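Step one of this worksheet: look at the structure below.
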Protein chains: 4
Amino acid sequence: MAALAEANTGHALAYGDDRWTHETEDHIRELFGPQASAFLVWGGTGANVMALASMLGPAQAVVCTNWSHINVDETGAPERVLGAKLIDLDCPDGKLVPAQLEEQAQAIGAVHHAQPGVVSLTQSTELGTLYSIDEIAALCDTAHRFDMSVHVDGARLANAVAALGGNRATLRAMTVDAGVDVVTFGATKNGMMYGEAVVFLHERFAKVAPYVRKQVTQLPSKMRFVSAQFNALIHDDLWLQLADHSNQMAQRLYDATLDIDGLVYDTAPVVNSVFPHLPPEVIEPLRAWCFFWDWNVPTNQVRWMTAWDTTEADVDSFAAGVRQCLAHVSG
Amino acid sequence: MAALAEANTGHALAYGDDRWTHETEDHIRELFGPQASAFLVWGGTGANVMALASMLGPAQAVVCTNWSHINVDETGAPERVLGAKLIDLDCPDGKLVPAQLEEQAQAIGAVHHAQPGVVSLTQSTELGTLYSIDEIAALCDTAHRFDMSVHVDGARLANAVAALGGNRATLRAMTVDAGVDVVTFGATKNGMMYGEAVVFLHERFAKVAPYVRKQVTQLPSKMRFVSAQFNALIHDDLWLQLADHSNQMAQRLYDATLDIDGLVYDTAPVVNSVFPHLPPEVIEPLRAWCFFWDWNVPTNQVRWMTAWDTTEADVDSFAAGVRQCLAHVSG
Amino acid sequence: MAALAEANTGHALAYGDDRWTHETEDHIRELFGPQASAFLVWGGTGANVMALASMLGPAQAVVCTNWSHINVDETGAPERVLGAKLIDLDCPDGKLVPAQLEEQAQAIGAVHHAQPGVVSLTQSTELGTLYSIDEIAALCDTAHRFDMSVHVDGARLANAVAALGGNRATLRAMTVDAGVDVVTFGATKNGMMYGEAVVFLHERFAKVAPYVRKQVTQLPSKMRFVSAQFNALIHDDLWLQLADHSNQMAQRLYDATLDIDGLVYDTAPVVNSVFPHLPPEVIEPLRAWCFFWDWNVPTNQVRWMTAWDTTEADVDSFAAGVRQCLAHVSG
Amino acid sequence: MAALAEANTGHALAYGDDRWTHETEDHIRELFGPQASAFLVWGGTGANVMALASMLGPAQAVVCTNWSHINVDETGAPERVLGAKLIDLDCPDGKLVPAQLEEQAQAIGAVHHAQPGVVSLTQSTELGTLYSIDEIAALCDTAHRFDMSVHVDGARLANAVAALGGNRATLRAMTVDAGVDVVTFGATKNGMMYGEAVVFLHERFAKVAPYVRKQVTQLPSKMRFVSAQFNALIHDDLWLQLADHSNQMAQRLYDATLDIDGLVYDTAPVVNSVFPHLPPEVIEPLRAWCFFWDWNVPTNQVRWMTAWDTTEADVDSFAAGVRQCLAHVSG
């Protein structure tokens, strides 16, 4: 907010030719290396679509998981705006493996099949799991061997960095060093009012990006209000502190609810979400009290997410409410 | 050929305003009822795309099987031309069931998901299986209950009709009476040089069809050469005779090879394809002799198709070749 | 800013199910009538694309002027996202007339031509001109007679309302009473950091709008930050005051520069822009001092725009600078 | 027809892996040089769309004339399938000039404008005019200077070749030597039942063409029936004879009607069309007798086209009918 108020004084040129945006571009080069270029956009779906639109060639398809946000949570925006097929592969833990890329690569050269051109993976994944840095590097190696490029949907990339090392070197290792081509670097889920960055890690796809951004309706006119927020987030690594905090709050929620009768976890959290199974009769009352999404209806599994602004008191109060609600049922 | 030669004499107006095309339109109404309208197009992929483009509304998706031709064999043409998502469901036998539509219907009203708008099923299926007439009617009922409409990819519809009754009443029962909205009525796989018909079974989607056909590049200029072939095919029910013949040739091939050592069938043919498993070392030699497609590489399963012009001698000769080749291997 | 700070406290549900957005929806109904529904989006290009995507049917085209923002300033976003032709008509003053719609309507029913389905007009226009309320009503009448619907690109609609009456009744007369179907109601050019509203004036096209908004990447997740700004703008009619102010500043700039030797105006301003012709040699020095866009390079015409936050001192200082610069040249 | 009958005997592999298609590919290399590659497609609109889909990059637009077939006679197929803007320039004689390309090139680098990427010109034009070989070369030079590539819509390219030299060297000079990148080489208007060729004159865009052809629904399955017709047309230069014949018939029609009272020509024909102005009251009676299209309704101008199969008797009979009809009116 303070960052916005500062950017709100005086006149500035529109569409990114302002000092705040130039500063953001500098920050991005510090984070991802001198070849990196940043394109600020409105939102997460737009960021993914803009990245993929810059990467895809004619008749190419995007390889992704069946759980991927681009596949299930974007109302078909990729298909509409890209005019491209998403090849969604079964991935029970939300993670692609190199052998799946090799299998898809068999379609290369066959005129009856869309040509796999881009691999899109999500870090951390939609299932709250993580790729290790080595796993990302292995996927990039395989993809590049078949002339596919690699996109990372990083709506929650900060949480992954916080979980896998917690500093800028972790980010660099996970992206540019691993061979990733383009990253959507999420910020809205990490405290910003709005705005995401599409980061091109080398020049190949960046050349068309300025035009593609506008063409897919993702060019903010008063861009300084996006970049001012980004500057506040990246400067002094607030982005890492917030992500680490939200991860810790998920761990706290897990710890505070693990022993509740009738509540079952399959796994401990690695980032900022937990996925408990609940007695079916408590789901609606709990949700009426504090909204959350279903995850797997047949197994009564729900998703609870923590955020950059979740407090310890929030967690404790929520956990107490859950405990009380389930006690009432068991009793 | 004779039909073409006859249409090749004299001048005629282009784009379908000719006596051959008017005759085809009459034939289609005889087959499918007085509400039906026929739009002749170039090819099978174009027929499917043109049908779906006439049916889809904004933000709608197509529900289909993971085996469907539109999903795997059209190089992403539907996604590109329609700008719509295909929701491809796992269907081990190539057939959708009503419960799958009900599950997809849960996305209706949720803004983050493409809205299921059209169900596309293939009859006979890409796996050589058949929907019964009751199964199609049940799918249509379920689809319509959720305001979805139903498209049938009928590239091999004639083979299905031949297998399930063998006359025009069978066709009518399987389509318009079952509640189907739009059919692509295949002809290229049933003897024509080129040309397919998209048949709208009632007026709802037909209104935009003339413009959509041209817009998706599927309006034949000298349309009389398509319609002359259709007239020859429909008049005197040659289409049924040819389809029945190709079905019989598949049965003959099955019978002639069933006892061969090392060749295993999972099922008997119901239309014009058989899917034997072969010893892996004979597949390439056999294919070099007479080309066919792999079906399931890990299980050494291939697909042999018979056609309208396959002769008994063709079948017997091919079966003898297979027998000899496998004997050589076993020996 | 104050509105944003207020919305920044506490948690709220995402994607518009919050009290700020409900209040905005109420405000929009007050402005446009009880049938109206508002869909908040990120930006101006996105607003236009989202509106048109909800309105267009298969094989339909958009009729617009050759000067329209959708035609020349959106990098082909409409063609890409809509997959539809823009039929851009020569309109020297940036305004369509009914006879042009009648001429385009001749293509209706002809399969070789995209079918005119939506008329898009801009109020106030890209040339700083205005449609009278009667002119808009006449265009709507003609459009509806041919089953076309009418979209108004209202990025600067507030300036038009301020110029043509200055109160809510003017807005109502200019839109819903005139027969307009869908309006993009601009706010970013009227003081907001970001955010526009697409207003559907009746139910016909609104049904698909929630899904289309997400599909064209224009659904803000933390929507309350958009709606809080809108509420501040609409409550107490700040939107009208700001627009009226920017119009007055254009008039002040015109008055302050009209007598400068070497500077020629074709017309007086009606909204918030003036279009002077300048001696060619002063254009670059002036622009280096204070950026503005060329308008018509061959005639040395440029565009100066005033805004909601332009002060009288800004105008006077700028006018003085222009006077000095031209004096230097003439001298 | 004879060519088709020959191709109709025996079995052949589908999708172009047959001896007829290989022969066509050889013929195309003879005509256009060893770097050329031919992709056979269904029809003219599809040919243009397939060519452009192979050439366009992200956010690029097509520069063409306001008269171009892609702009006015293809129902928006380019916009729909390409998702790209057509920038249609006013060209009273149907011909682009280099200065127009230079003006469009000013948009290069400006993010708010679709980037001119492909120039599409038509030879012979939709207005029955011709580009000289030097004019095409000059357009190609200008286009390439700005990194634009050049497409020729050659639906009537044969008529242009017949008019400008009449042999294969003329074709070569007009296309590959002039710098053209991709040609749609028309055949349906030159005697074939169906089928066109998209010819890539060098490798740059050809790599994606096989996949793009299928993706835009333009891959003929039984391709040998297209290629057999092409072989008959190219072998012994029948294509040139037919085109020259149709050009001569237009000249004959012009000569036979030039002196008729009340009929006025602006120009003599250069290819196979004449554009007379007629007394308005005779247009409908004449059209009822023998169909033709209006050209310019306000000036009572119509278009009469001759074809490969128009006979001298056809021309003489038609001219006599016109003379009689107009005499009746004048009398």
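In the structure tokens, each chain is lettered A, B, ... as it comes, each chain's residues begin at 1, and ligands are numbered from 1 in order of appearance.
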
Per residue of chain B within 9 Å of chain A, note the shortest atom pair and the distance in Å to one decimal, counting only C-alpha atoms, and order the rows by chain and increasing residue number, as JSON lines.
```
{"residue": "B:Ala59", "atom": "CA", "partner": "A:Thr75", "partner_atom": "CA", "distance": 6.9}
{"residue": "B:Gln60", "atom": "CA", "partner": "A:Gly76", "partner_atom": "CA", "distance": 8.3}
{"residue": "B:Ala61", "atom": "CA", "partner": "A:Gly76", "partner_atom": "CA", "distance": 7.7}
{"residue": "B:Asn71", "atom": "CA", "partner": "A:Lys85", "partner_atom": "CA", "distance": 8.9}
{"residue": "B:Val72", "atom": "CA", "partner": "A:His113", "partner_atom": "CA", "distance": 6.3}
{"residue": "B:Asp73", "atom": "CA", "partner": "A:His112", "partner_atom": "CA", "distance": 5.0}
{"residue": "B:Glu74", "atom": "CA", "partner": "A:His112", "partner_atom": "CA", "distance": 5.4}
{"residue": "B:Thr75", "atom": "CA", "partner": "A:Ala114", "partner_atom": "CA", "distance": 4.0}
{"residue": "B:Gly76", "atom": "CA", "partner": "A:Ala114", "partner_atom": "CA", "distance": 5.2}
{"residue": "B:Ala77", "atom": "CA", "partner": "A:Ala114", "partner_atom": "CA", "distance": 8.4}
{"residue": "B:Pro78", "atom": "CA", "partner": "A:Lys85", "partner_atom": "CA", "distance": 8.4}
{"residue": "B:Glu79", "atom": "CA", "partner": "A:Gly83", "partner_atom": "CA", "distance": 5.3}
{"residue": "B:Arg80", "atom": "CA", "partner": "A:Gly83", "partner_atom": "CA", "distance": 3.9}
{"residue": "B:Val81", "atom": "CA", "partner": "A:Gly83", "partner_atom": "CA", "distance": 6.9}
{"residue": "B:Leu82", "atom": "CA", "partner": "A:Arg80", "partner_atom": "CA", "distance": 7.7}
{"residue": "B:Gly83", "atom": "CA", "partner": "A:Arg80", "partner_atom": "CA", "distance": 3.9}
{"residue": "B:Ala84", "atom": "CA", "partner": "A:Glu79", "partner_atom": "CA", "distance": 5.5}
{"residue": "B:Lys85", "atom": "CA", "partner": "A:Gly76", "partner_atom": "CA", "distance": 5.5}
{"residue": "B:Leu86", "atom": "CA", "partner": "A:Lys85", "partner_atom": "CA", "distance": 8.3}
{"residue": "B:Ala110", "atom": "CA", "partner": "A:Thr75", "partner_atom": "CA", "distance": 8.9}
{"residue": "B:Val111", "atom": "CA", "partner": "A:Thr75", "partner_atom": "CA", "distance": 6.8}
{"residue": "B:His112", "atom": "CA", "partner": "A:Thr75", "partner_atom": "CA", "distance": 4.9}
{"residue": "B:His113", "atom": "CA", "partner": "A:Thr75", "partner_atom": "CA", "distance": 4.0}
{"residue": "B:Ala114", "atom": "CA", "partner": "A:Thr75", "partner_atom": "CA", "distance": 4.0}
{"residue": "B:Gln115", "atom": "CA", "partner": "A:Thr75", "partner_atom": "CA", "distance": 7.4}
```

Exercise. Run DSSP on the backbone and give me the residues of range 189-299 of chain C it puts in alpha helix (DSSP H), as an MDAnalysis selection string.
Key: chainID C and resid 203:206 209:215 224:234 238:257 280:289

Exercise. May I have the residues within 7 Å of Val119 in chain C as a list of chain:residue names, using only C-alpha atoms and disregarding those fewer than 4 positions away in the same chain?
Key: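 Near neighbours after the sequence-gap exclusion: C:Val62, C:Val63, C:Cys64, C:Met148, C:Ser149, C:Val150, C:His151.
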
Quiz item: If you count only C-alpha atoms, which residues fall within 8 Å of Lys189 in chain A, apart from same-chain ones fewer than 5 positions away, as a PyMOL selection string?
Solution: chain A and resi 155-156+307-308

Exercise. Name all residues at most 9 Å from Pro220 in chain C (count only C-alpha atoms; drop same-chain ones fewer than 4 positions away) and give them as a list in words.
Key: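 Listed by chain and then number, they are Trp42, Gly43 and Tyr194 of chain A; Ala14, Tyr15, Gly16, Leu40, Val41, Trp42, Gly195, Lys214, Arg224, Phe225 and Val226 of chain C.
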
Exercise. Compile the contact shell of Ala319 in chain C as JSON, numbers by chain: residues with an atom at most 7 Å away, counting only C-alpha atoms, same-chain residues fewer than 5 positions apart removed.
Key: {"C": [253, 256, 257]}

Keeping only C-alpha atoms, write the selected residues to a file as a JSON list (two decimals), in the first residue's frame.
```
[["chain", "number", "residue", "atom", "x", "y", "z"],
["C", 253, "LEU", "CA", -5.84, 24.83, -23.09],
["C", 256, "ALA", "CA", -4.90, 29.72, -23.90],
["C", 257, "THR", "CA", -3.29, 28.74, -27.18]]
```

Quiz prompt | Picked from range 105-307 of chain C by DSSP as strand (DSSP E or B), as an NGL selection string | solution = :C and (115-122 or 149-154 or 182-185 or 196-200 or 264-265 or 273-274 or 276-277 or 293-296 or 301-305)

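Close contacts of Pro285 in chain C, defined as residues with an atom at most 12 Å away when counting only C-alpha atoms, with chain neighbours fewer than 4 positions off set aside, comprise Leu278, Pro279, Pro280, Glu281, Trp289, Cys290, Phe291, Phe292, Gly321, Val322, Gln324, Cys325, Leu326, His328 and Val329 of chain C.
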
Quiz prompt | For CA of His245 in chain A and CA of Leu13 in chain C, the interatomic separation in Å (one decimal) | solution = 20.8 Å

Exercise. Measuring atom to atom with only C-alpha atoms, identify which of A:Glu30, A:Leu219, A:His235, A:Thr310 is nearest to Leu171 in chain A.
Key: A:Glu30
